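Engineer: The structure follows.
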Amino acid sequence: MELKSPNIRHLRVFLEVVDSKSISKASGRVFLSQPAITQAISKLEYNLSALLFQRRSDGMYVTPSGEALAQRVRRALDLLINGLKGAVRIGGVKGVQPSQLLQLLTSTQLRALVAVSEAQSFSMAGRNLGVSQSSVHRAARELESLLGIVLFEKTSIGISVSKAARLLAKATKLALAEIAQGRDEIDSLHNREAPRIVIGSMPLARTSVLPKAIIDFSNSFPDVKIIVNDGPYNDLLYHLLDGDIDFLIGALRFPPPSDDVVQEELFTSTIEIVARPQHPLLSAQSITTNMLSQYSWVVPRKGAPTRAIFESIFVKDNVPLPRSIVETSSQILIRSLLLGSDRLTIISGHQIQHELSQGVLKPVPYELRNTHRPIGITMRASWKPTKAQLSFVNSLRRNGQDMNDAL
């Protein structure tokens, strides 16, 4: 993820001025001189290309840009305090106040923490940050000394990351994501280069609701950069919880995978068994589960809802699972395997709607029961979308409703 962010101390100073409406009052609270606070505010405004305060004779009054940033900074600092609280608890450190630790933290230390946690190597972390290995090592060790706990240990294969380090790194990434969203909101207020939206997408969404939502959204926000990350559900969920992506779209999980996420259903999709038009089963008068078990299959990986439906077909009739199985979520590979052989697959009708409408693939007439699968959005429970992000989510909702109405 992008690790550039304003200085943590400058952000704390900024909030003090917001709350007190006075540089002199803030000076006594953060133990910095008034010139130092003025310089910190000026640097923030320069980096954000926006005025954060209106300077008046009776005080400092926050501008709309300043208010947008203040809301995000409060959320970011709360995340860091909770991360510090959890880290020192895991490390067994007593008598330390997280709010006091926050006053001593530097952005350099936090960037080093995240980079080493992700790379599990000081040298690789240095290359990723564009600084020397020694600089990263020094910042990481300074953070360990400040917290009084071990964050990283050398092993024969690299760096071992402690549980406390992982927890604080996650909190840091979420905090940096909040600050980045604050910057995006300020840019939007000033009609500048638009932000980006990062989406985690699973196979069905990529061929149905997501393309339509992107087209609709881009008509209103043509300059917003949209990044779509593909991958297995567990990988996408990990990056969602770490703040690397904004939300997931695809098959929902029940129960939800974590208390930290919320799920919103957009539409339901039916599951079908599909084959090439020349498949022998398409000319059979009736199809039994035993007949299905004799063929090779292309199926999703274990853990996917459709995989569970596939296995239940045979379990309910006490029939052995097919022995020849290819596991993949690649629609291109599925299509090629089906067209080149008598393999079968189990897949959402929405996902291959084009192939079915063109007669390239055909549904196998075998009745599947209770196979309606909810498709929707998975978001962090604490996520507060920007205007652009909310507009995209609303576009998904409209297109999801259209798909439900078409059923």
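Just so we're on the same page: first chain in the structure tokens is A, next is B, and so on; residues restart at 1 for each chain, and ligands are numbered from 1 in the order they show up.
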Just want the 10 Å neighbourhood of Trp383 in chain A, counted on only C-alpha atoms, with same-chain residues fewer than 6 positions away dropped. Output as an MDAnalysis selection string.
Structural biologist: chainID A and resid 174 178 243 246:247 260:262
Engineer: Mind the document's chain letters and residue numbers, and return as number ranges by chain the residues of range 140-202 of chain A that DSSP labels alpha helix (DSSP H).
Structural biologist: A: 140-147, 163-189
Engineer: Would you mind exporting the chosen residues as a PDB file, in the first residue's frame, restricted to C-alpha atoms?
Structural biologist:
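And here is the file that came out, result.pdb:
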```
ATOM      1  CA  ALA A 140      12.141  -0.493  13.743  1.00  0.00           C
ATOM      2  CA  ARG A 141      14.462  -0.923  16.717  1.00  0.00           C
ATOM      3  CA  GLU A 142      13.618   2.565  17.996  1.00  0.00           C
ATOM      4  CA  LEU A 143       9.953   1.588  17.936  1.00  0.00           C
ATOM      5  CA  GLU A 144      10.706  -1.607  19.854  1.00  0.00           C
ATOM      6  CA  SER A 145      12.585   0.404  22.461  1.00  0.00           C
ATOM      7  CA  LEU A 146       9.751   2.913  22.752  1.00  0.00           C
ATOM      8  CA  LEU A 147       7.125   0.198  23.258  1.00  0.00           C
ATOM      9  CA  LYS A 163       1.744 -10.934  17.123  1.00  0.00           C
ATOM     10  CA  ALA A 164       2.077  -7.458  18.666  1.00  0.00           C
ATOM     11  CA  ALA A 165       3.818  -6.200  15.532  1.00  0.00           C
ATOM     12  CA  ARG A 166       1.136  -7.632  13.257  1.00  0.00           C
ATOM     13  CA  LEU A 167      -1.629  -6.026  15.307  1.00  0.00           C
ATOM     14  CA  LEU A 168       0.043  -2.605  15.367  1.00  0.00           C
ATOM     15  CA  ALA A 169       0.944  -2.815  11.658  1.00  0.00           C
ATOM     16  CA  LYS A 170      -2.692  -3.522  10.804  1.00  0.00           C
ATOM     17  CA  ALA A 171      -3.848  -0.556  12.902  1.00  0.00           C
ATOM     18  CA  THR A 172      -1.227   1.614  11.198  1.00  0.00           C
ATOM     19  CA  LYS A 173      -2.358   0.629   7.701  1.00  0.00           C
ATOM     20  CA  LEU A 174      -5.978   1.367   8.565  1.00  0.00           C
ATOM     21  CA  ALA A 175      -4.934   4.717  10.036  1.00  0.00           C
ATOM     22  CA  LEU A 176      -2.949   5.588   6.912  1.00  0.00           C
ATOM     23  CA  ALA A 177      -5.953   4.603   4.798  1.00  0.00           C
ATOM     24  CA  GLU A 178      -8.105   7.065   6.776  1.00  0.00           C
ATOM     25  CA  ILE A 179      -5.583   9.852   6.207  1.00  0.00           C
ATOM     26  CA  ALA A 180      -5.441   9.019   2.493  1.00  0.00           C
ATOM     27  CA  GLN A 181      -9.235   9.242   2.342  1.00  0.00           C
ATOM     28  CA  GLY A 182      -9.035  12.634   4.011  1.00  0.00           C
ATOM     29  CA  ARG A 183      -6.655  13.778   1.292  1.00  0.00           C
ATOM     30  CA  ASP A 184      -9.032  12.407  -1.356  1.00  0.00           C
ATOM     31  CA  GLU A 185     -11.944  14.328   0.160  1.00  0.00           C
ATOM     32  CA  ILE A 186      -9.940  17.549   0.149  1.00  0.00           C
ATOM     33  CA  ASP A 187      -8.984  17.015  -3.501  1.00  0.00           C
ATOM     34  CA  SER A 188     -12.645  16.421  -4.321  1.00  0.00           C
ATOM     35  CA  LEU A 189     -13.644  19.666  -2.584  1.00  0.00           C
TER      36      LEU A 189
END
```
Engineer: Return as a CSV table (one decimal) with N, CA and C atoms, in the first residue's frame the full set of residues in range 95-176 of chain A whose backbone-based DSSP assignment is strand (DSSP E).
Structural biologist:
```csv
chain,number,residue,atom,x,y,z
A,152,PHE,N,10.3,-7.7,16.1
A,152,PHE,CA,10.9,-8.5,15.0
A,152,PHE,C,12.1,-9.3,15.5
A,153,GLU,N,12.2,-10.6,15.1
A,153,GLU,CA,13.4,-11.4,15.4
A,153,GLU,C,13.9,-12.1,14.2
A,154,LYS,N,15.2,-12.2,14.1
A,154,LYS,CA,15.9,-12.8,12.9
A,154,LYS,C,15.7,-14.3,13.0
A,155,THR,N,15.4,-14.9,11.9
A,155,THR,CA,15.4,-16.4,11.8
A,155,THR,C,16.2,-16.8,10.6
A,158,GLY,N,14.6,-15.4,7.4
A,158,GLY,CA,14.2,-14.0,7.3
A,158,GLY,C,13.9,-13.4,8.6
A,159,ILE,N,12.8,-12.7,8.7
A,159,ILE,CA,12.4,-12.0,9.9
A,159,ILE,C,11.1,-12.6,10.4
A,160,SER,N,11.0,-12.9,11.7
A,160,SER,CA,9.8,-13.3,12.4
A,160,SER,C,9.1,-12.1,12.9
A,161,VAL,N,7.8,-12.0,12.6
A,161,VAL,CA,7.0,-10.8,13.0
A,161,VAL,C,6.1,-11.3,14.2
```
Engineer: Skipping near chain neighbours, those fewer than 5 positions away, what residues fall within 12 Å of Pro320 in chain A using only C-alpha atoms, listed as a JSON list (two decimals) with N, CA and C atoms, in the first residue's frame?
Structural biologist:
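File out-v6.json, as written:
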```json
[["chain", "number", "residue", "atom", "x", "y", "z"],
["A", 289, "THR", "N", -27.23, -38.94, -9.91],
["A", 289, "THR", "CA", -26.00, -38.50, -9.26],
["A", 289, "THR", "C", -24.85, -39.43, -9.59],
["A", 290, "ASN", "N", -25.12, -40.72, -9.69],
["A", 290, "ASN", "CA", -24.07, -41.67, -10.07],
["A", 290, "ASN", "C", -23.49, -41.34, -11.43],
["A", 291, "MET", "N", -24.34, -40.94, -12.36],
["A", 291, "MET", "CA", -23.85, -40.58, -13.69],
["A", 291, "MET", "C", -22.93, -39.35, -13.61],
["A", 292, "LEU", "N", -23.31, -38.36, -12.79],
["A", 292, "LEU", "CA", -22.48, -37.16, -12.63],
["A", 292, "LEU", "C", -21.10, -37.50, -12.07],
["A", 293, "SER", "N", -21.06, -38.47, -11.17],
["A", 293, "SER", "CA", -19.80, -38.82, -10.51],
["A", 293, "SER", "C", -18.80, -39.48, -11.45],
["A", 294, "GLN", "N", -19.27, -39.96, -12.62],
["A", 294, "GLN", "CA", -18.39, -40.66, -13.56],
["A", 294, "GLN", "C", -17.58, -39.69, -14.42],
["A", 295, "TYR", "N", -17.95, -38.42, -14.40],
["A", 295, "TYR", "CA", -17.27, -37.46, -15.27],
["A", 295, "TYR", "C", -16.21, -36.65, -14.50],
["A", 310, "PHE", "N", -21.35, -28.15, -4.67],
["A", 310, "PHE", "CA", -20.90, -29.26, -5.50],
["A", 310, "PHE", "C", -20.76, -30.54, -4.67],
["A", 311, "GLU", "N", -20.10, -30.46, -3.54],
["A", 311, "GLU", "CA", -19.87, -31.65, -2.72],
["A", 311, "GLU", "C", -21.17, -32.18, -2.13],
["A", 312, "SER", "N", -22.10, -31.25, -1.83],
["A", 312, "SER", "CA", -23.37, -31.69, -1.24],
["A", 312, "SER", "C", -24.20, -32.52, -2.21],
["A", 313, "ILE", "N", -24.02, -32.31, -3.50],
["A", 313, "ILE", "CA", -24.76, -33.10, -4.50],
["A", 313, "ILE", "C", -24.53, -34.59, -4.29],
["A", 314, "PHE", "N", -23.30, -34.95, -4.03],
["A", 314, "PHE", "CA", -22.93, -36.36, -3.92],
["A", 314, "PHE", "C", -23.11, -36.88, -2.50],
["A", 315, "VAL", "N", -22.86, -36.03, -1.51],
["A", 315, "VAL", "CA", -22.99, -36.46, -0.12],
["A", 315, "VAL", "C", -24.44, -36.82, 0.21]]
```
Engineer: A:Gly200, A:Pro257, A:Pro374, A:Pro277: which is nearest Leu339 in chain A, counting only C-alpha atoms?
Structural biologist: A:Pro277
Engineer: Write out as a list in words which residues come within 9 Å of Arg12 in chain A when counting only C-alpha atoms, dropping same-chain ones fewer than 3 positions away.
Structural biologist: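 What passes the distance filter is Asn7, Ile8, Arg9, Leu15, Glu16, Val17, Val30, Val73, Arg74, Leu77 and Gln103 of chain A.
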Engineer: For the residues in that selection, give me N, CA and C atoms as a tab-separated table (two decimals), in the first residue's frame.
Structural biologist:
```
chain	number	residue	atom	x	y	z
A	7	ASN	N	3.20	13.94	8.73
A	7	ASN	CA	3.84	13.65	10.01
A	7	ASN	C	2.78	13.47	11.10
A	8	ILE	N	2.89	12.38	11.87
A	8	ILE	CA	1.91	12.09	12.92
A	8	ILE	C	1.84	13.22	13.93
A	9	ARG	N	2.98	13.77	14.29
A	9	ARG	CA	2.99	14.87	15.27
A	9	ARG	C	2.29	16.11	14.70
A	15	LEU	N	-5.08	18.81	15.13
A	15	LEU	CA	-6.32	18.58	15.88
A	15	LEU	C	-6.42	19.48	17.10
A	16	GLU	N	-5.32	19.72	17.76
A	16	GLU	CA	-5.35	20.60	18.93
A	16	GLU	C	-5.78	22.01	18.54
A	17	VAL	N	-5.30	22.47	17.38
A	17	VAL	CA	-5.70	23.80	16.93
A	17	VAL	C	-7.17	23.80	16.53
A	30	VAL	N	0.36	20.77	23.63
A	30	VAL	CA	1.26	19.82	22.95
A	30	VAL	C	2.72	20.13	23.24
A	73	VAL	N	-8.53	12.35	10.60
A	73	VAL	CA	-7.39	12.26	11.52
A	73	VAL	C	-7.85	11.72	12.87
A	74	ARG	N	-9.01	12.13	13.35
A	74	ARG	CA	-9.52	11.60	14.62
A	74	ARG	C	-9.68	10.08	14.53
A	77	LEU	N	-6.12	8.46	14.46
A	77	LEU	CA	-5.42	8.43	15.75
A	77	LEU	C	-6.09	7.46	16.73
A	103	GLN	N	2.22	10.18	21.47
A	103	GLN	CA	2.92	11.46	21.40
A	103	GLN	C	4.37	11.30	21.01
```
Engineer: At a cut-off of 9 Å, can you tabulate as a Markdown table every residue of range 218-312 of chain A near range 203-206 of chain A together with its closest atom pair and the distance in Å to one decimal, using only C-alpha atoms and ordering rows by chain then number?
Structural biologist:
```
| residue | atom | partner | partner_atom | distance |
| --- | --- | --- | --- | --- |
| A:Asp230 | CA | A:Pro203 | CA | 7.9 |
| A:Gly231 | CA | A:Pro203 | CA | 8.7 |
| A:Ile249 | CA | A:Ala205 | CA | 6.3 |
| A:Gly250 | CA | A:Ala205 | CA | 5.4 |
| A:Ala251 | CA | A:Leu204 | CA | 7.7 |
```
Engineer: Can you build me a table of range 281-384 of chain A residues sitting at most 10 Å from range 269-275 of chain A, with the closest atom pair per residue and its distance in Å to one decimal, using only C-alpha atoms, sorted by chain and residue number, as a Markdown table?
Structural biologist:
```
| residue | atom | partner | partner_atom | distance |
| --- | --- | --- | --- | --- |
| A:Leu281 | CA | A:Ala275 | CA | 8.6 |
| A:Leu282 | CA | A:Ala275 | CA | 8.4 |
| A:Leu292 | CA | A:Ile273 | CA | 9.8 |
| A:Trp297 | CA | A:Ala275 | CA | 9.8 |
| A:Thr306 | CA | A:Ile271 | CA | 7.8 |
| A:Ile309 | CA | A:Ile271 | CA | 8.7 |
| A:Phe310 | CA | A:Ile273 | CA | 9.2 |
| A:Arg335 | CA | A:Ala275 | CA | 9.1 |
| A:Leu337 | CA | A:Ala275 | CA | 9.7 |
| A:Leu338 | CA | A:Ala275 | CA | 6.0 |
| A:Leu339 | CA | A:Ala275 | CA | 7.7 |
| A:Ser341 | CA | A:Ala275 | CA | 9.0 |
| A:Asp342 | CA | A:Ala275 | CA | 7.1 |
| A:Arg343 | CA | A:Ala275 | CA | 6.8 |
| A:Leu344 | CA | A:Ala275 | CA | 5.2 |
| A:Thr345 | CA | A:Val274 | CA | 5.4 |
| A:Ile346 | CA | A:Ile273 | CA | 4.4 |
| A:Ile347 | CA | A:Ile271 | CA | 5.4 |
| A:Ser348 | CA | A:Ile271 | CA | 4.4 |
| A:Gly349 | CA | A:Ile271 | CA | 6.0 |
| A:His350 | CA | A:Ser269 | CA | 6.6 |
| A:Gln351 | CA | A:Ser269 | CA | 8.9 |
| A:Ile352 | CA | A:Val274 | CA | 9.4 |
| A:Leu356 | CA | A:Val274 | CA | 9.1 |
| A:Val360 | CA | A:Ala275 | CA | 9.1 |
| A:Leu361 | CA | A:Ala275 | CA | 5.8 |
| A:Lys362 | CA | A:Ala275 | CA | 5.5 |
| A:Pro363 | CA | A:Val274 | CA | 4.4 |
| A:Val364 | CA | A:Ile273 | CA | 5.4 |
| A:Pro365 | CA | A:Ile273 | CA | 7.9 |
| A:Tyr366 | CA | A:Ile273 | CA | 7.3 |
| A:Glu367 | CA | A:Glu272 | CA | 8.6 |
| A:Leu368 | CA | A:Glu272 | CA | 7.3 |
| A:Arg369 | CA | A:Ile271 | CA | 9.3 |
| A:Asn370 | CA | A:Thr270 | CA | 8.9 |
| A:Thr371 | CA | A:Ile271 | CA | 5.7 |
| A:His372 | CA | A:Thr270 | CA | 4.7 |
| A:Arg373 | CA | A:Ser269 | CA | 5.1 |
| A:Pro374 | CA | A:Ser269 | CA | 6.4 |
| A:Ile375 | CA | A:Ser269 | CA | 7.0 |
```
Engineer: Pick the closest to Met403 in chain A from A:Ser162, A:Asn47, A:Ser208, A:Asn191: which is it, counting only C-alpha atoms?
Structural biologist: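 Of A:Ser162, A:Asn47, A:Ser208, A:Asn191, the one nearest Met403 in chain A is A:Ser208, counting only C-alpha atoms.
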Engineer: I'd like the interatomic distance between CA of Val319 in chain A and CA of Ser286 in chain A, to a tenth of an Å.
Structural biologist: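 CA of Ser286 in chain A lies at a distance of 17.0 Å from CA of Val319 in chain A.
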Engineer: Give me the residues near range 131-139 of chain A as a VMD selection string, where near means some atom within 6 Å (using only C-alpha atoms) and where sequence neighbours in that chain fewer than 2 positions away do not count.
Structural biologist: chain A and resid 109 112 122 to 123 126 129 141 to 142
Engineer: Expressed in Å to a single decimal, how great is the separation between CA of His190 in chain A and CA of Val224 in chain A?
Structural biologist: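 The value is 14.3 Å.
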Engineer: Calculate how many Å separate CA of Pro256 in chain A from CA of Thr378 in chain A, rounding to one decimal.
Structural biologist: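 So the answer is 9.2 Å.
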Engineer: Can you pull out every residue within 9 Å of Glu67 in chain A, counting only C-alpha atoms, but drop anything in the same chain fewer than 4 positions away, and send it as a list in words?
Structural biologist: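 Counting only the stated atoms, we get Val18, Leu52, Val62, Thr63, Gln71 and Arg72 of chain A.
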Engineer: Which is closer to Ile81 in chain A than all the others in A:Ile215, A:Leu101, A:Val228, A:Ile325, using only C-alpha atoms?
Structural biologist: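 Ranking A:Ile215, A:Leu101, A:Val228, A:Ile325 by distance to Ile81 in chain A, first place goes to A:Leu101.
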